[in-house]
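*Asks:* Dumping the structure here so I can ask a few things about it.
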Amino acid sequence: MRYYAGLDLHSNNTYLGILDAKGAKVSKAKVQNHIHLILSALRPVQKSVAGVVVESTFNWYWLVYGLMEENYKVHLANPAAIKQYEGLKHTNDYSDAFYLADLLRLGLLEEGYIYPKKERAIRDLLRKRMMLVRHRTTHILSFQSLYNREKGCKFAGNDVKRLKEENIDTLFSDEYVSLSAKANISIIHFLSERIKELETAVLSFMQVLPEFEKLKTVSGVGNILALTIALETGDIRRFPKVGNYASYCRCVSSQRLSNEKKKGENNRKNGNKYLGWAYVEAANFAKRYCPYAKRFYNRKLAKTNKIIAIKALAHKLARASYFVIRDRVDYNPEKAFG
């Protein structure tokens with residue numbers, strides 16, 4: 001007899017539901033979030049389990065990788081794509097767990113991608129770098145605003161990064177203003193050191209990957225953007241067509257049209273926000289330094305506004321990058337822009 005297990009994961013506990021091949025409920029349990037407790041609950045049917053479904057929540061890493069290490073066939077349910085029957089009068093955590101197991105049994109489960117464990121840690125490290133960069137930018141802007149209020153003129157962002165705490169007293173006469181500025185400068189230097197440390201760690205891992213070097217041939221893509229695109233994309237084979245990849249990069253319109261009139265929008269946030277950011281950044285560089293990209297951008301800009309034009313260019317770069325990663329070839333702007 002084959003069994004199917006569904007795990008409804010919460011912040012501190014997990015509800016387990018097990019079905020047999022005919023859809024009959026075999027067992028249920030509520031356990032605390034410790035991998036050994038969940039493995040104990042699954043042990044009676046371990047040798048006959050066809051698959052285990054875990055709902056993709058904010059804290060699924062430990063559970064999915066823990067089950068995979070014990071040789072369970074794990075499926076990650078995509079909650080954004082799963083919709084329960086609306087006629088149900090009452091549901092609870094147990095019914096949700098059994099529902100996940102039943103979707104797997106029937107072959108109807110909408111699955112998410114389980115990123116390899118080692119690469120996921122590197123990817124999350126790069127995301128941490130992006131968070132620190134944003135925090136540093138906040139303090140740079142704070143210092144610039146302070147300087148503008150006190151002096152009535154601007155202070156360039158790159159010059160702020162080069163300032164040292166001992167220079168602050170020469171800029172401001174008021175000791176409290178100086179103390180405020182020193183707090184900004186101190187945090188900026190600390191964050192810059194941590195950012196450099198993370199960049200070095202990620203680059204040392206990525207330089208051995210062929211797709212990383214190929215991505216750097218794409219217009220507007222340097223080390224950081226190549227790292228972001230390669231790590232956020234993962235296995236390119238999970239996207240059967242280039243359009244699927246462009247949609248995942250948030251480069252596809254989400255409008256809902258009827259009779260050529262806009263009736264609303266679908267889920268425009270569906271996809272990877274980091275890839276969406278990376279390709280927009282690349283587009284902003286490409287339109288300045290690549291003649292093909294510049295001509296394409298100017299043609300779009302003549303018909304619409306800057307935001308749509310830059311998004312259209314980002315879409316072009318995303319499509320080109322798909323083939324660069326898949327085929328591991330150098331970027332060809334003539335092919336990309338016709």
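All residue names refer to the structure tokens as shown: chains lettered A, B, ... in order, residues numbered from 1 in each chain, ligands numbered from 1 in order.
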Mind listing the alpha helix (DSSP H) residues of stretch 32-135 of chain A, per DSSP on the backbone, as a PDB file with N, CA and C atoms, in the first residue's frame?
*Replies:*
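Below is the file that was written, part.pdb:
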ATOM      1  N   ILE A  35      12.559  18.283  13.976  1.00  0.00           N
ATOM      2  CA  ILE A  35      12.609  17.305  12.893  1.00  0.00           C
ATOM      3  C   ILE A  35      12.495  15.876  13.414  1.00  0.00           C
ATOM      4  N   HIS A  36      13.056  15.582  14.595  1.00  0.00           N
ATOM      5  CA  HIS A  36      12.991  14.206  15.098  1.00  0.00           C
ATOM      6  C   HIS A  36      11.569  13.810  15.470  1.00  0.00           C
ATOM      7  N   LEU A  37      10.748  14.779  15.907  1.00  0.00           N
ATOM      8  CA  LEU A  37       9.346  14.484  16.230  1.00  0.00           C
ATOM      9  C   LEU A  37       8.539  14.191  14.964  1.00  0.00           C
ATOM     10  N   ILE A  38       8.806  14.938  13.921  1.00  0.00           N
ATOM     11  CA  ILE A  38       8.092  14.726  12.657  1.00  0.00           C
ATOM     12  C   ILE A  38       8.524  13.405  12.022  1.00  0.00           C
ATOM     13  N   LEU A  39       9.804  13.087  12.092  1.00  0.00           N
ATOM     14  CA  LEU A  39      10.282  11.807  11.570  1.00  0.00           C
ATOM     15  C   LEU A  39       9.673  10.638  12.346  1.00  0.00           C
ATOM     16  N   SER A  40       9.501  10.817  13.653  1.00  0.00           N
ATOM     17  CA  SER A  40       8.880   9.767  14.469  1.00  0.00           C
ATOM     18  C   SER A  40       7.426   9.543  14.057  1.00  0.00           C
ATOM     19  N   ALA A  41       6.711  10.638  13.745  1.00  0.00           N
ATOM     20  CA  ALA A  41       5.315  10.516  13.327  1.00  0.00           C
ATOM     21  C   ALA A  41       5.188   9.836  11.965  1.00  0.00           C
ATOM     22  N   LEU A  42       6.193   9.993  11.109  1.00  0.00           N
ATOM     23  CA  LEU A  42       6.168   9.381   9.772  1.00  0.00           C
ATOM     24  C   LEU A  42       6.725   7.957   9.754  1.00  0.00           C
ATOM     25  N   TYR A  61      12.611  25.699   5.304  1.00  0.00           N
ATOM     26  CA  TYR A  61      13.932  25.145   4.988  1.00  0.00           C
ATOM     27  C   TYR A  61      14.273  23.922   5.838  1.00  0.00           C
ATOM     28  N   TRP A  62      14.217  24.097   7.157  1.00  0.00           N
ATOM     29  CA  TRP A  62      14.651  23.041   8.077  1.00  0.00           C
ATOM     30  C   TRP A  62      13.868  21.754   7.873  1.00  0.00           C
ATOM     31  N   LEU A  63      12.574  21.882   7.587  1.00  0.00           N
ATOM     32  CA  LEU A  63      11.719  20.703   7.451  1.00  0.00           C
ATOM     33  C   LEU A  63      11.969  19.981   6.136  1.00  0.00           C
ATOM     34  N   VAL A  64      12.010  20.708   5.047  1.00  0.00           N
ATOM     35  CA  VAL A  64      12.199  20.092   3.726  1.00  0.00           C
ATOM     36  C   VAL A  64      13.564  19.419   3.627  1.00  0.00           C
ATOM     37  N   TYR A  65      14.608  20.147   4.017  1.00  0.00           N
ATOM     38  CA  TYR A  65      15.948  19.564   3.917  1.00  0.00           C
ATOM     39  C   TYR A  65      16.148  18.425   4.916  1.00  0.00           C
ATOM     40  N   GLY A  66      15.506  18.524   6.075  1.00  0.00           N
ATOM     41  CA  GLY A  66      15.582  17.445   7.046  1.00  0.00           C
ATOM     42  C   GLY A  66      14.933  16.168   6.535  1.00  0.00           C
ATOM     43  N   LEU A  67      13.780  16.304   5.861  1.00  0.00           N
ATOM     44  CA  LEU A  67      13.105  15.134   5.289  1.00  0.00           C
ATOM     45  C   LEU A  67      13.895  14.557   4.117  1.00  0.00           C
ATOM     46  N   MET A  68      14.490  15.432   3.305  1.00  0.00           N
ATOM     47  CA  MET A  68      15.271  14.958   2.159  1.00  0.00           C
ATOM     48  C   MET A  68      16.508  14.187   2.613  1.00  0.00           C
ATOM     49  N   GLU A  69      17.097  14.610   3.714  1.00  0.00           N
ATOM     50  CA  GLU A  69      18.271  13.902   4.243  1.00  0.00           C
ATOM     51  C   GLU A  69      17.919  12.495   4.718  1.00  0.00           C
ATOM     52  N   ASP A  93      -6.667  22.962  10.393  1.00  0.00           N
ATOM     53  CA  ASP A  93      -5.297  22.600  10.021  1.00  0.00           C
ATOM     54  C   ASP A  93      -5.187  21.147   9.588  1.00  0.00           C
ATOM     55  N   TYR A  94      -5.966  20.266  10.214  1.00  0.00           N
ATOM     56  CA  TYR A  94      -5.921  18.864   9.814  1.00  0.00           C
ATOM     57  C   TYR A  94      -6.477  18.685   8.400  1.00  0.00           C
ATOM     58  N   SER A  95      -7.588  19.348   8.110  1.00  0.00           N
ATOM     59  CA  SER A  95      -8.171  19.221   6.766  1.00  0.00           C
ATOM     60  C   SER A  95      -7.230  19.784   5.713  1.00  0.00           C
ATOM     61  N   ASP A  96      -6.491  20.841   6.076  1.00  0.00           N
ATOM     62  CA  ASP A  96      -5.501  21.392   5.140  1.00  0.00           C
ATOM     63  C   ASP A  96      -4.382  20.402   4.863  1.00  0.00           C
ATOM     64  N   ALA A  97      -3.921  19.704   5.908  1.00  0.00           N
ATOM     65  CA  ALA A  97      -2.856  18.712   5.732  1.00  0.00           C
ATOM     66  C   ALA A  97      -3.332  17.562   4.840  1.00  0.00           C
ATOM     67  N   PHE A  98      -4.560  17.071   5.090  1.00  0.00           N
ATOM     68  CA  PHE A  98      -5.094  15.989   4.261  1.00  0.00           C
ATOM     69  C   PHE A  98      -5.345  16.462   2.823  1.00  0.00           C
ATOM     70  N   TYR A  99      -5.729  17.719   2.673  1.00  0.00           N
ATOM     71  CA  TYR A  99      -5.971  18.263   1.331  1.00  0.00           C
ATOM     72  C   TYR A  99      -4.684  18.280   0.520  1.00  0.00           C
ATOM     73  N   LEU A 100      -3.572  18.663   1.147  1.00  0.00           N
ATOM     74  CA  LEU A 100      -2.280  18.645   0.458  1.00  0.00           C
ATOM     75  C   LEU A 100      -1.910  17.223   0.047  1.00  0.00           C
ATOM     76  N   ALA A 101      -2.112  16.281   0.954  1.00  0.00           N
ATOM     77  CA  ALA A 101      -1.806  14.882   0.631  1.00  0.00           C
ATOM     78  C   ALA A 101      -2.690  14.373  -0.507  1.00  0.00           C
ATOM     79  N   ASP A 102      -3.954  14.782  -0.518  1.00  0.00           N
ATOM     80  CA  ASP A 102      -4.879  14.329  -1.560  1.00  0.00           C
ATOM     81  C   ASP A 102      -4.517  14.911  -2.923  1.00  0.00           C
ATOM     82  N   LEU A 103      -4.070  16.160  -2.946  1.00  0.00           N
ATOM     83  CA  LEU A 103      -3.625  16.756  -4.213  1.00  0.00           C
ATOM     84  C   LEU A 103      -2.447  15.979  -4.792  1.00  0.00           C
ATOM     85  N   LEU A 104      -1.538  15.556  -3.931  1.00  0.00           N
ATOM     86  CA  LEU A 104      -0.396  14.767  -4.393  1.00  0.00           C
ATOM     87  C   LEU A 104      -0.865  13.409  -4.905  1.00  0.00           C
ATOM     88  N   ARG A 105      -1.790  12.797  -4.183  1.00  0.00           N
ATOM     89  CA  ARG A 105      -2.300  11.474  -4.585  1.00  0.00           C
ATOM     90  C   ARG A 105      -2.967  11.528  -5.954  1.00  0.00           C
ATOM     91  N   LEU A 106      -3.687  12.622  -6.217  1.00  0.00           N
ATOM     92  CA  LEU A 106      -4.416  12.758  -7.476  1.00  0.00           C
ATOM     93  C   LEU A 106      -3.567  13.334  -8.608  1.00  0.00           C
ATOM     94  N   LYS A 117      20.397  22.897  -1.317  1.00  0.00           N
ATOM     95  CA  LYS A 117      20.697  23.446   0.005  1.00  0.00           C
ATOM     96  C   LYS A 117      21.932  24.347   0.017  1.00  0.00           C
ATOM     97  N   LYS A 118      23.042  23.882  -0.564  1.00  0.00           N
ATOM     98  CA  LYS A 118      24.286  24.653  -0.528  1.00  0.00           C
ATOM     99  C   LYS A 118      24.138  25.964  -1.294  1.00  0.00           C
ATOM    100  N   GLU A 119      23.576  25.891  -2.509  1.00  0.00           N
ATOM    101  CA  GLU A 119      23.408  27.101  -3.323  1.00  0.00           C
ATOM    102  C   GLU A 119      22.423  28.076  -2.694  1.00  0.00           C
ATOM    103  N   ARG A 120      21.425  27.539  -1.984  1.00  0.00           N
ATOM    104  CA  ARG A 120      20.456  28.428  -1.329  1.00  0.00           C
ATOM    105  C   ARG A 120      21.132  29.287  -0.265  1.00  0.00           C
ATOM    106  N   ALA A 121      22.062  28.711   0.471  1.00  0.00           N
ATOM    107  CA  ALA A 121      22.778  29.480   1.492  1.00  0.00           C
ATOM    108  C   ALA A 121      23.565  30.622   0.853  1.00  0.00           C
ATOM    109  N   ILE A 122      24.179  30.361  -0.300  1.00  0.00           N
ATOM    110  CA  ILE A 122      24.921  31.409  -1.019  1.00  0.00           C
ATOM    111  C   ILE A 122      23.966  32.476  -1.531  1.00  0.00           C
ATOM    112  N   ARG A 123      22.837  32.035  -2.070  1.00  0.00           N
ATOM    113  CA  ARG A 123      21.845  32.990  -2.575  1.00  0.00           C
ATOM    114  C   ARG A 123      21.315  33.888  -1.462  1.00  0.00           C
ATOM    115  N   ASP A 124      21.016  33.287  -0.314  1.00  0.00           N
ATOM    116  CA  ASP A 124      20.514  34.069   0.817  1.00  0.00           C
ATOM    117  C   ASP A 124      21.581  35.029   1.345  1.00  0.00           C
ATOM    118  N   LEU A 125      22.851  34.639   1.222  1.00  0.00           N
ATOM    119  CA  LEU A 125      23.941  35.528   1.624  1.00  0.00           C
ATOM    120  C   LEU A 125      23.977  36.761   0.724  1.00  0.00           C
ATOM    121  N   LEU A 126      23.730  36.559  -0.569  1.00  0.00           N
ATOM    122  CA  LEU A 126      23.698  37.694  -1.495  1.00  0.00           C
ATOM    123  C   LEU A 126      22.498  38.597  -1.203  1.00  0.00           C
ATOM    124  N   ARG A 127      21.381  37.999  -0.821  1.00  0.00           N
ATOM    125  CA  ARG A 127      20.216  38.803  -0.428  1.00  0.00           C
ATOM    126  C   ARG A 127      20.525  39.622   0.830  1.00  0.00           C
ATOM    127  N   LYS A 128      21.295  39.035   1.734  1.00  0.00           N
ATOM    128  CA  LYS A 128      21.696  39.769   2.932  1.00  0.00           C
ATOM    129  C   LYS A 128      22.558  40.970   2.555  1.00  0.00           C
ATOM    130  N   ARG A 129      23.444  40.780   1.563  1.00  0.00           N
ATOM    131  CA  ARG A 129      24.272  41.886   1.086  1.00  0.00           C
ATOM    132  C   ARG A 129      23.391  43.019   0.564  1.00  0.00           C
ATOM    133  N   MET A 130      22.349  42.667  -0.200  1.00  0.00           N
ATOM    134  CA  MET A 130      21.454  43.686  -0.735  1.00  0.00           C
ATOM    135  C   MET A 130      20.758  44.457   0.388  1.00  0.00           C
ATOM    136  N   MET A 131      20.369  43.748   1.438  1.00  0.00           N
ATOM    137  CA  MET A 131      19.730  44.406   2.583  1.00  0.00           C
ATOM    138  C   MET A 131      20.680  45.398   3.243  1.00  0.00           C
ATOM    139  N   LEU A 132      21.962  44.988   3.395  1.00  0.00           N
ATOM    140  CA  LEU A 132      22.942  45.881   4.005  1.00  0.00           C
ATOM    141  C   LEU A 132      23.211  47.098   3.131  1.00  0.00           C
ATOM    142  N   VAL A 133      23.235  46.901   1.815  1.00  0.00           N
ATOM    143  CA  VAL A 133      23.430  48.028   0.899  1.00  0.00           C
ATOM    144  C   VAL A 133      22.302  49.050   1.058  1.00  0.00           C
ATOM    145  N   ARG A 134      21.087  48.560   1.214  1.00  0.00           N
ATOM    146  CA  ARG A 134      19.946  49.473   1.392  1.00  0.00           C
ATOM    147  C   ARG A 134      20.044  50.227   2.710  1.00  0.00           C
ATOM    148  N   HIS A 135      20.485  49.523   3.760  1.00  0.00           N
ATOM    149  CA  HIS A 135      20.673  50.203   5.050  1.00  0.00           C
ATOM    150  C   HIS A 135      21.763  51.271   4.932  1.00  0.00           C
TER     151      HIS A 135
END
*Asks:* Mind checking which residues fall within 12 Å of A:Ile308, counting only C-alpha atoms, ignoring those fewer than 3 positions away in the same chain, and posting them as a list of chain:residue names?
*Replies:*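 Final neighbour list, sorted by chain and number: A:Cys251, A:Val252, A:Ser253, A:Val280, A:Ala283, A:Tyr297, A:Asn298, A:Arg299, A:Lys300, A:Leu301, A:Ala302, A:Lys303, A:Thr304, A:Asn305, A:Lys311, A:Ala312, A:Leu313, A:Ala314, A:His315.
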*Asks:* If you keep N, CA and C atoms, can you produce a file of those selected residues as a compact mmCIF listing (two decimals), in the first residue's frame?
*Replies:*
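Written file, result.txt:
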# COMPACT_ATOMS: atom_id res chain seq x y z
N CYS A 251 8.81 40.57 -15.76
CA CYS A 251 8.99 41.41 -16.94
C CYS A 251 7.82 41.30 -17.91
N VAL A 252 6.73 40.69 -17.46
CA VAL A 252 5.56 40.48 -18.31
C VAL A 252 4.38 41.25 -17.72
N SER A 253 3.60 41.86 -18.58
CA SER A 253 2.44 42.64 -18.13
C SER A 253 1.43 41.76 -17.42
N VAL A 280 16.08 45.43 -14.32
CA VAL A 280 15.85 46.87 -14.45
C VAL A 280 17.15 47.63 -14.26
N ALA A 283 19.14 47.19 -17.36
CA ALA A 283 18.58 48.01 -18.45
C ALA A 283 19.03 49.46 -18.33
N TYR A 297 15.54 51.43 -26.56
CA TYR A 297 14.94 52.23 -25.49
C TYR A 297 14.34 53.52 -26.05
N ASN A 298 15.06 54.19 -26.95
CA ASN A 298 14.57 55.46 -27.51
C ASN A 298 13.32 55.25 -28.36
N ARG A 299 13.25 54.12 -29.08
CA ARG A 299 12.04 53.83 -29.86
C ARG A 299 10.84 53.64 -28.94
N LYS A 300 11.05 52.92 -27.84
CA LYS A 300 9.95 52.71 -26.89
C LYS A 300 9.57 54.02 -26.20
N LEU A 301 10.58 54.82 -25.87
CA LEU A 301 10.34 56.07 -25.16
C LEU A 301 9.54 57.04 -26.01
N ALA A 302 9.71 56.99 -27.34
CA ALA A 302 8.96 57.87 -28.24
C ALA A 302 7.47 57.54 -28.24
N LYS A 303 7.13 56.30 -27.86
CA LYS A 303 5.73 55.88 -27.90
C LYS A 303 5.08 55.85 -26.52
N THR A 304 5.88 55.83 -25.47
CA THR A 304 5.33 55.68 -24.12
C THR A 304 6.17 56.47 -23.12
N ASN A 305 6.13 56.09 -21.83
CA ASN A 305 6.89 56.83 -20.82
C ASN A 305 8.17 56.08 -20.43
N LYS A 311 11.25 49.07 -18.63
CA LYS A 311 10.75 47.73 -18.35
C LYS A 311 10.79 46.87 -19.61
N ALA A 312 10.49 47.47 -20.76
CA ALA A 312 10.55 46.74 -22.03
C ALA A 312 11.99 46.32 -22.33
N LEU A 313 12.94 47.20 -22.03
CA LEU A 313 14.35 46.87 -22.23
C LEU A 313 14.79 45.77 -21.26
N ALA A 314 14.30 45.83 -20.03
CA ALA A 314 14.60 44.78 -19.05
C ALA A 314 14.06 43.43 -19.53
N HIS A 315 12.87 43.46 -20.15
CA HIS A 315 12.29 42.23 -20.71
C HIS A 315 13.18 41.64 -21.79
*Asks:* Can you list, as a ChimeraX atom specification, every protein, DNA or RNA residue that comes within 9 Å of stretch 157-164 of chain A when you count only C-alpha atoms, leaving out same-chain residues fewer than 3 positions away?
*Replies:* /A:137,140-141,143-144,167-168,182,185-186,188-189,192
*Asks:* Go ahead and write the selection's residues with C-alpha atoms as a short mmCIF file (atom, residue, chain, number, x, y, z; two decimals), in the first residue's frame.
*Replies:*
data_model
loop_
_atom_site.label_atom_id
_atom_site.label_comp_id
_atom_site.auth_asym_id
_atom_site.auth_seq_id
_atom_site.Cartn_x
_atom_site.Cartn_y
_atom_site.Cartn_z
CA THR A 137 22.08 54.02 1.47
CA ILE A 140 24.13 58.14 3.34
CA LEU A 141 20.86 59.92 2.53
CA PHE A 143 23.89 62.43 6.30
CA GLN A 144 23.28 64.28 3.03
CA ASN A 167 36.62 64.85 9.70
CA ILE A 168 33.15 65.57 11.06
CA LYS A 182 29.34 60.67 13.33
CA ILE A 185 29.52 57.79 9.23
CA SER A 186 30.34 55.07 11.76
CA ILE A 188 28.33 53.53 6.88
CA HIS A 189 31.91 52.30 7.40
CA SER A 192 30.77 48.84 3.91
#
*Asks:* Skip stretch 232-247 of chain A itself and residues of its chain fewer than 4 positions away, then list as an mmCIF file with C-alpha atoms, in the first residue's frame all residues within 8 Å of it, counting only C-alpha atoms.
*Replies:*
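File selection_5.cif, as written:
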data_model
loop_
_atom_site.group_PDB
_atom_site.id
_atom_site.type_symbol
_atom_site.label_atom_id
_atom_site.label_comp_id
_atom_site.auth_asym_id
_atom_site.auth_seq_id
_atom_site.Cartn_x
_atom_site.Cartn_y
_atom_site.Cartn_z
ATOM 1 C CA TYR A 115 16.550 25.141 -4.328
ATOM 2 C CA ARG A 123 21.845 32.990 -2.575
ATOM 3 C CA THR A 228 22.059 37.961 -8.515
ATOM 4 C CA CYS A 251 8.994 41.412 -16.941
ATOM 5 C CA VAL A 252 5.555 40.481 -18.310
ATOM 6 C CA GLY A 271 7.584 36.026 -9.539
ATOM 7 C CA ASN A 272 11.016 36.901 -8.218
ATOM 8 C CA TYR A 274 15.229 40.217 -6.987
ATOM 9 C CA LEU A 275 15.386 39.218 -10.650
ATOM 10 C CA HIS A 315 12.289 42.234 -20.707
ATOM 11 C CA ALA A 318 15.799 38.792 -19.458
ATOM 12 C CA ARG A 319 14.919 36.882 -22.621
ATOM 13 C CA TYR A 322 17.658 32.904 -20.628
ATOM 14 C CA PHE A 323 19.481 31.637 -23.725
ATOM 15 C CA ILE A 325 22.375 30.643 -19.274
ATOM 16 C CA ARG A 326 20.686 27.704 -20.990
#
*Asks:* What does the distance from atom CA of A:Tyr147 to atom CA of A:Glu281 come to in Å, to one decimal?
*Replies:*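 Computing it gives 28.4 Å between the two atoms.
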*Asks:* Can you tell me, as a list in words, what residues are no more than 9 Å from A:Val218 when counting only C-alpha atoms, ignoring any on the same chain fewer than 6 positions away?
*Replies:*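 Here the qualifying residues turn out to be Ala226, Ala282, Ala286, Leu317, Ala320, Ser321, Val324, Asp330, Tyr331, Asn332 and Pro333 of chain A.
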*Asks:* Generate a file of the selected residues that holds N, CA and C atoms, formatted as a compact mmCIF listing (two decimals), in the first residue's frame.
*Replies:*
# COMPACT_ATOMS: atom_id res chain seq x y z
N ALA A 226 25.36 39.84 -12.20
CA ALA A 226 25.55 38.47 -12.69
C ALA A 226 25.36 37.47 -11.54
N ALA A 282 20.15 46.43 -14.89
CA ALA A 282 20.93 46.15 -16.09
C ALA A 282 20.45 47.01 -17.26
N ALA A 286 22.53 49.44 -19.61
CA ALA A 286 22.62 49.08 -21.03
C ALA A 286 22.22 50.24 -21.94
N LEU A 317 16.43 41.99 -22.09
CA LEU A 317 17.64 41.46 -21.47
C LEU A 317 17.35 40.15 -20.75
N ALA A 320 17.16 37.44 -23.39
CA ALA A 320 18.50 37.13 -23.89
C ALA A 320 19.28 36.32 -22.86
N SER A 321 19.14 36.69 -21.58
CA SER A 321 19.88 35.99 -20.52
C SER A 321 19.43 34.54 -20.39
N VAL A 324 21.46 32.73 -22.83
CA VAL A 324 22.87 32.77 -22.41
C VAL A 324 23.13 31.72 -21.33
N ASP A 330 28.01 33.31 -25.29
CA ASP A 330 28.16 34.74 -25.08
C ASP A 330 26.93 35.49 -25.59
N TYR A 331 26.66 36.60 -24.97
CA TYR A 331 25.53 37.46 -25.35
C TYR A 331 25.80 38.10 -26.71
N ASN A 332 24.78 38.10 -27.57
CA ASN A 332 24.87 38.71 -28.90
C ASN A 332 23.80 39.78 -29.02
N PRO A 333 24.15 41.08 -28.94
CA PRO A 333 23.14 42.14 -28.99
C PRO A 333 22.39 42.19 -30.30
*Asks:* Considering only C-alpha atoms, can you say which of A:Lys154, A:Lys25, A:Lys196, A:Arg2 comes closest to A:Val45?
*Replies:* A:Arg2
*Asks:* Can you list every residue in stretch 160-268 of chain A that DSSP puts in strand (DSSP E or B), as a list in words?
*Replies:*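 Of stretch 160-268 of chain A, only Gln255, Arg256, Leu257, Ser258, Lys261, Lys262, Lys263, Gly264 and Glu265 of chain A fall in strand (DSSP E or B).
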*Asks:* Could you tell me how far atom CA of A:Gly276 sits from atom CA of A:Arg288, in Å to one decimal place?
*Replies:*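 Those two atoms sit 19.2 Å apart.
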*Asks:* Would you please work out which residue, of A:Lys306, A:Lys273, A:Lys294, A:Lys214, is nearest to A:Val329 when using only C-alpha atoms?
*Replies:* A:Lys214
*Asks:* So, with only C-alpha atoms as the atoms that count, which of A:Leu76, A:Cys153, A:Arg136, A:Leu231 lies closest to A:Ile187?
*Replies:* A:Arg136
